[in-house]
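Colleague: Take a look at the following structure, please.
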Amino acid sequence: MSSIGLVVAVVVLGVGTYCFRVAGPLLRSRITLSKDVERLMEVAAVVLLTALVATATLVDGHGFAGFARLGGVAVGGLLAWRRAPFVLVVVAAAATTAVLRLLGVP
Amino acid sequence: MRSVWRTLQARLGPELARDIALVCLADGIVGLSFGAITVGSGLPLWLPMLMSVVVFAGAAQFLFVGIVAAGGNLVAAVAAGLLVNARHLPFGFAVADLLSGRRSRSLVGSHVMIDESVAFALSQRGTGRSRVAFWGCGLALFVCWNLGVLLGAFGGTAISNTDAFGLDAAFPAVLLALVLPSLRDKSTRRAALAGAAIALATSPFLAAGLPVLLGLVGMLALGRRRSE
């Protein structure tokens with residue numbers, strides 16, 4: 001594989017990604033949106049992030065990501081639900097998954 | 001370094017600064033593994049570093065490198081990466097307000113728009129707090145991610161399997177903790193759960209990235225309230 005091809009590919013991916021990122025902020029300065037539409041945009045971001053949480057927890061490739069990861073996120077989610085400090089949520093999630101794997105849980 | 005930390009702490013408040021620092025640490029270690037895995041699979045040393053500066057999106061970077069390392073075609077790798085990153089388009093509209101002001105500010109801020117910085121912004125009340133959270137998280141993560149990738153690319157395979165530390169569970173846990181406050185609103189929760197269900201149901205069949213985007217269809221679950 002040629003280095004030039006690889007550089008071009010990375011730059012195309014980078015520029016494309018940047019276009020996705022910058023479109024909203026640039027267009028937003030030209031148009032005024034109603035409060036309702038603004039609120040919808042925020043809900044859309046929450047919906048996307050929640051969908052991301054679901055897939056990042058349960059899916060690896062096209063299959064099930066395994067019980068160890070699910071167990072960790074579940075413990076973290078429960079702690080977050082009980083309004084535990086953020087640091088505890090994240091550390092408990094990672095630690096639970098690590099321990100489950102140590103115990104041989106897939 | 002210490003004075004940078006103090007300034008950040010002063011702007012963000014000790015709690016937010018600590019939370020962001022933890023996410024930076026976790027993502028830095030994942031960056032370490034990205035650098036090590038990429039170089040370890042026979043790809044050039046500069047590739048992970050260039051990608052992390054230019055693309056700056058973990059999932060797309062791993063996917064791209066996975067396809068290229070397996071001998072896949074470059075066009076397919078770029079297309080796969082773009083598909084995974086397409087969610088930044090709706091993210092951009094959600095956080096556009098936080099990046100308003102000078103044009104240079106929106107241009108720079110857009111580049112540090114990632115799942116974590118968007119989630120941190122949404123978790124804060126008020127535009128001022130959200131703006132500080134977005135910038136604090138985005139810039140700090142940019143530095144830590146690139147530092148991690150640099151060390152991993154040179155340092156080799158010291159930490160190539162972050163799964164052993166459960167870091168693959170840390171990423172969804174971080175996002176979950178940050179969106180939970182928004183999910184306390186009933187109609188938002190309905191839309192989000194519908195979106196998650198759609199994403200999960202389509203994951204076995206569709207290319208990575210598409211299921212999450214399709215999750216936006218869950219917004220239809222909001223519909224009723226507006227006509228009431």
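Identifiers in the structure tokens: chain A, B, ... in order shown; residue index from 1 per chain; ligand index from 1 in order shown.
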List every residue of chain B that has an atom at most 7 Å from any atom of chain A, giving for each one its closest atom pair and the distance in Å to one decimal, counting only C-alpha atoms, sorted by chain and then by ascending residue number, as a Markdown table.

Modeller:
| residue | atom | partner | partner_atom | distance |
| --- | --- | --- | --- | --- |
| B:Asp19 | CA | A:Val87 | CA | 6.2 |
| B:Leu22 | CA | A:Val87 | CA | 7.0 |
| B:Met51 | CA | A:Val10 | CA | 6.2 |
| B:Val54 | CA | A:Gly14 | CA | 5.1 |
| B:Val55 | CA | A:Gly14 | CA | 4.3 |
| B:Leu74 | CA | A:Ala9 | CA | 6.5 |
| B:Val78 | CA | A:Leu13 | CA | 5.5 |
| B:Gly81 | CA | A:Leu13 | CA | 6.7 |
| B:Leu82 | CA | A:Leu13 | CA | 6.3 |
| B:Asn85 | CA | A:Thr17 | CA | 6.1 |
| B:Ala86 | CA | A:Phe20 | CA | 6.2 |
| B:His88 | CA | A:Arg21 | CA | 5.2 |
| B:Leu89 | CA | A:Phe20 | CA | 4.4 |
| B:Pro90 | CA | A:Ala45 | CA | 6.7 |
| B:Phe91 | CA | A:Ala45 | CA | 5.6 |
| B:Gly92 | CA | A:Gly24 | CA | 4.4 |
| B:Phe93 | CA | A:Gly24 | CA | 4.3 |
| B:Ala94 | CA | A:Met41 | CA | 4.8 |
| B:Ala96 | CA | A:Pro25 | CA | 4.3 |
| B:Leu99 | CA | A:Pro25 | CA | 6.4 |
| B:Ser100 | CA | A:Ser29 | CA | 6.8 |
| B:Ser106 | CA | A:Pro25 | CA | 6.2 |
| B:Leu107 | CA | A:Val22 | CA | 6.7 |
| B:Ser110 | CA | A:Val22 | CA | 5.2 |
| B:His111 | CA | A:Tyr18 | CA | 6.3 |
| B:Met113 | CA | A:Arg21 | CA | 6.7 |
| B:Ala164 | CA | A:Ala98 | CA | 5.6 |
| B:Phe165 | CA | A:Ala98 | CA | 5.0 |
| B:Gly166 | CA | A:Ala94 | CA | 4.2 |
| B:Leu167 | CA | A:Ala94 | CA | 5.4 |
| B:Asp168 | CA | A:Arg69 | CA | 6.9 |
| B:Ala169 | CA | A:Arg69 | CA | 5.2 |
| B:Ala170 | CA | A:Ala94 | CA | 5.2 |
| B:Pro172 | CA | A:Val53 | CA | 4.8 |
| B:Ala173 | CA | A:Val73 | CA | 5.3 |
| B:Val174 | CA | A:Val90 | CA | 6.0 |
| B:Leu175 | CA | A:Val53 | CA | 6.5 |
| B:Leu176 | CA | A:Val53 | CA | 6.3 |
| B:Ala177 | CA | A:Ala80 | CA | 5.4 |
| B:Val179 | CA | A:Val46 | CA | 6.5 |
| B:Thr188 | CA | A:Val43 | CA | 6.2 |
| B:Ala191 | CA | A:Val47 | CA | 6.5 |
| B:Ala192 | CA | A:Val47 | CA | 4.3 |
| B:Gly195 | CA | A:Ala51 | CA | 5.7 |
| B:Ala196 | CA | A:Ala51 | CA | 4.0 |
| B:Ala199 | CA | A:Ala51 | CA | 5.9 |
| B:Leu200 | CA | A:Thr55 | CA | 6.0 |
| B:Ser203 | CA | A:His62 | CA | 6.1 |
| B:Pro204 | CA | A:His62 | CA | 4.6 |
| B:Val212 | CA | A:Ala51 | CA | 5.4 |
| B:Leu213 | CA | A:Leu48 | CA | 6.8 |
| B:Gly215 | CA | A:Ala51 | CA | 6.0 |
| B:Leu216 | CA | A:Val47 | CA | 6.4 |
| B:Met219 | CA | A:Ala44 | CA | 7.0 |

Colleague: I need the chosen residues saved as a compact mmCIF listing (two decimals), in the first residue's frame, with N, CA and C atoms.

Modeller:
# COMPACT_ATOMS: atom_id res chain seq x y z
N ASP B 19 -14.05 15.35 36.89
CA ASP B 19 -14.78 14.42 36.01
C ASP B 19 -14.14 14.37 34.62
N LEU B 22 -10.83 12.54 34.60
CA LEU B 22 -10.98 11.08 34.62
C LEU B 22 -11.25 10.54 33.21
N MET B 51 -3.74 10.55 12.03
CA MET B 51 -5.19 10.34 12.17
C MET B 51 -5.76 11.03 13.40
N VAL B 54 -5.94 14.79 12.74
CA VAL B 54 -6.79 15.21 11.62
C VAL B 54 -8.24 14.72 11.78
N VAL B 55 -8.39 13.49 12.24
CA VAL B 55 -9.75 12.92 12.33
C VAL B 55 -10.31 13.12 13.74
N LEU B 74 -8.91 1.18 0.55
CA LEU B 74 -8.87 2.48 1.22
C LEU B 74 -10.20 3.23 1.10
N VAL B 78 -12.37 4.66 4.21
CA VAL B 78 -12.81 6.05 4.36
C VAL B 78 -14.33 6.11 4.49
N GLY B 81 -15.43 5.01 7.89
CA GLY B 81 -15.13 6.03 8.90
C GLY B 81 -16.10 7.20 8.83
N LEU B 82 -16.43 7.62 7.60
CA LEU B 82 -17.36 8.75 7.44
C LEU B 82 -18.75 8.39 7.97
N ASN B 85 -18.83 8.66 11.59
CA ASN B 85 -18.72 10.05 12.06
C ASN B 85 -19.89 10.94 11.67
N ALA B 86 -20.83 10.42 10.89
CA ALA B 86 -21.93 11.25 10.39
C ALA B 86 -22.78 11.81 11.54
N HIS B 88 -21.90 13.46 13.89
CA HIS B 88 -21.45 14.80 14.27
C HIS B 88 -22.26 15.90 13.60
N LEU B 89 -22.92 15.56 12.49
CA LEU B 89 -23.76 16.57 11.82
C LEU B 89 -24.92 17.00 12.74
N PRO B 90 -25.75 16.06 13.21
CA PRO B 90 -26.77 16.50 14.18
C PRO B 90 -26.18 17.04 15.49
N PHE B 91 -25.06 16.47 15.95
CA PHE B 91 -24.41 17.03 17.15
C PHE B 91 -24.12 18.51 16.95
N GLY B 92 -23.64 18.85 15.75
CA GLY B 92 -23.26 20.22 15.46
C GLY B 92 -24.41 21.20 15.63
N PHE B 93 -25.61 20.75 15.23
CA PHE B 93 -26.77 21.63 15.39
C PHE B 93 -27.16 21.76 16.85
N ALA B 94 -26.93 20.69 17.62
CA ALA B 94 -27.30 20.72 19.04
C ALA B 94 -26.40 21.64 19.84
N ALA B 96 -24.42 24.11 18.47
CA ALA B 96 -24.03 25.29 17.68
C ALA B 96 -24.01 26.57 18.52
N LEU B 99 -20.91 27.45 20.31
CA LEU B 99 -19.74 27.80 19.50
C LEU B 99 -19.95 29.12 18.77
N SER B 100 -21.02 29.83 19.13
CA SER B 100 -21.28 31.09 18.43
C SER B 100 -20.28 32.15 18.89
N SER B 106 -15.82 29.17 16.25
CA SER B 106 -16.63 28.03 15.81
C SER B 106 -15.81 27.07 14.98
N LEU B 107 -14.82 27.59 14.25
CA LEU B 107 -13.99 26.71 13.42
C LEU B 107 -13.14 25.78 14.27
N SER B 110 -15.45 23.34 16.51
CA SER B 110 -16.05 22.24 15.76
C SER B 110 -15.14 21.01 15.74
N HIS B 111 -13.84 21.24 15.69
CA HIS B 111 -12.92 20.12 15.59
C HIS B 111 -12.87 19.29 16.88
N MET B 113 -15.43 18.68 18.70
CA MET B 113 -16.78 18.17 18.94
C MET B 113 -16.74 16.66 18.85
N ALA B 164 -8.91 -5.76 29.09
CA ALA B 164 -8.58 -6.36 30.38
C ALA B 164 -8.86 -5.40 31.53
N PHE B 165 -8.79 -4.09 31.25
CA PHE B 165 -9.08 -3.10 32.30
C PHE B 165 -10.54 -2.68 32.32
N GLY B 166 -11.33 -3.25 31.44
CA GLY B 166 -12.74 -2.90 31.39
C GLY B 166 -12.99 -1.53 30.78
N LEU B 167 -12.02 -1.00 30.05
CA LEU B 167 -12.20 0.35 29.50
C LEU B 167 -13.28 0.41 28.43
N ASP B 168 -13.58 -0.74 27.82
CA ASP B 168 -14.68 -0.75 26.83
C ASP B 168 -16.02 -0.53 27.52
N ALA B 169 -16.08 -0.78 28.83
CA ALA B 169 -17.32 -0.49 29.58
C ALA B 169 -17.32 0.96 30.07
N ALA B 170 -16.13 1.55 30.20
CA ALA B 170 -16.05 2.92 30.72
C ALA B 170 -16.68 3.92 29.74
N PRO B 172 -19.26 3.65 27.36
CA PRO B 172 -20.72 3.80 27.48
C PRO B 172 -21.16 4.29 28.86
N ALA B 173 -20.43 3.90 29.91
CA ALA B 173 -20.81 4.34 31.26
C ALA B 173 -20.68 5.86 31.39
N VAL B 174 -19.61 6.42 30.81
CA VAL B 174 -19.41 7.87 30.83
C VAL B 174 -20.59 8.57 30.16
N LEU B 175 -20.93 8.12 28.94
CA LEU B 175 -22.02 8.77 28.20
C LEU B 175 -23.34 8.59 28.92
N LEU B 176 -23.56 7.40 29.47
CA LEU B 176 -24.81 7.13 30.17
C LEU B 176 -24.97 8.06 31.38
N ALA B 177 -23.90 8.19 32.15
CA ALA B 177 -23.96 9.06 33.34
C ALA B 177 -24.27 10.50 32.93
N VAL B 179 -25.89 11.56 30.09
CA VAL B 179 -27.22 11.82 29.49
C VAL B 179 -28.35 11.54 30.47
N THR B 188 -38.44 13.06 26.39
CA THR B 188 -37.09 12.82 25.91
C THR B 188 -36.71 11.36 26.13
N ALA B 191 -38.31 9.06 23.55
CA ALA B 191 -37.63 9.13 22.25
C ALA B 191 -36.28 8.41 22.31
N ALA B 192 -35.55 8.62 23.42
CA ALA B 192 -34.21 8.03 23.54
C ALA B 192 -34.28 6.52 23.61
N GLY B 195 -35.11 5.19 20.25
CA GLY B 195 -33.92 5.27 19.40
C GLY B 195 -32.93 4.17 19.71
N ALA B 196 -32.73 3.90 21.01
CA ALA B 196 -31.79 2.84 21.41
C ALA B 196 -32.29 1.49 20.91
N ALA B 199 -31.64 1.23 17.20
CA ALA B 199 -30.21 1.03 16.93
C ALA B 199 -29.80 -0.41 17.22
N LEU B 200 -30.28 -0.95 18.33
CA LEU B 200 -29.91 -2.33 18.69
C LEU B 200 -30.49 -3.33 17.70
N SER B 203 -28.49 -3.25 14.44
CA SER B 203 -27.04 -3.48 14.52
C SER B 203 -26.54 -4.77 13.86
N PRO B 204 -27.28 -5.89 13.98
CA PRO B 204 -26.76 -7.12 13.37
C PRO B 204 -26.68 -7.04 11.84
N VAL B 212 -26.88 3.79 14.84
CA VAL B 212 -27.00 4.93 15.75
C VAL B 212 -27.74 6.08 15.06
N LEU B 213 -27.42 6.31 13.78
CA LEU B 213 -28.12 7.37 13.03
C LEU B 213 -29.60 7.06 12.91
N GLY B 215 -31.31 5.58 14.90
CA GLY B 215 -31.91 5.82 16.21
C GLY B 215 -32.68 7.13 16.25
N LEU B 216 -32.31 8.07 15.37
CA LEU B 216 -33.02 9.36 15.31
C LEU B 216 -34.50 9.19 14.99
N MET B 219 -37.14 9.83 17.46
CA MET B 219 -37.71 11.16 17.70
C MET B 219 -39.21 11.19 17.43

Colleague: So how many Å separate atom CA of B:Ala207 and atom CA of B:Leu63, to one decimal?

Modeller: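 The value is 11.0 Å.
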
Colleague: In Å, with one decimal, what is the gap from atom CA of B:Arg11 to atom CA of B:Leu180?

Modeller: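 Atom CA of B:Leu180 lies at a distance of 23.9 Å from atom CA of B:Arg11.
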
Colleague: How far is it from atom CA of B:Val95 to atom CA of B:Thr7, in Å with one decimal?

Modeller: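 These atoms are spaced 23.6 Å apart.
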
Colleague: Please return as a ChimeraX atom specification: the residues of stretch 7-206 of chain B that backbone DSSP assigns to alpha helix (DSSP H).

Modeller: /B:7-12,14-40,46-54,58-69,74-85,88-95,103-111,115-123,127-155,167-183,186-202
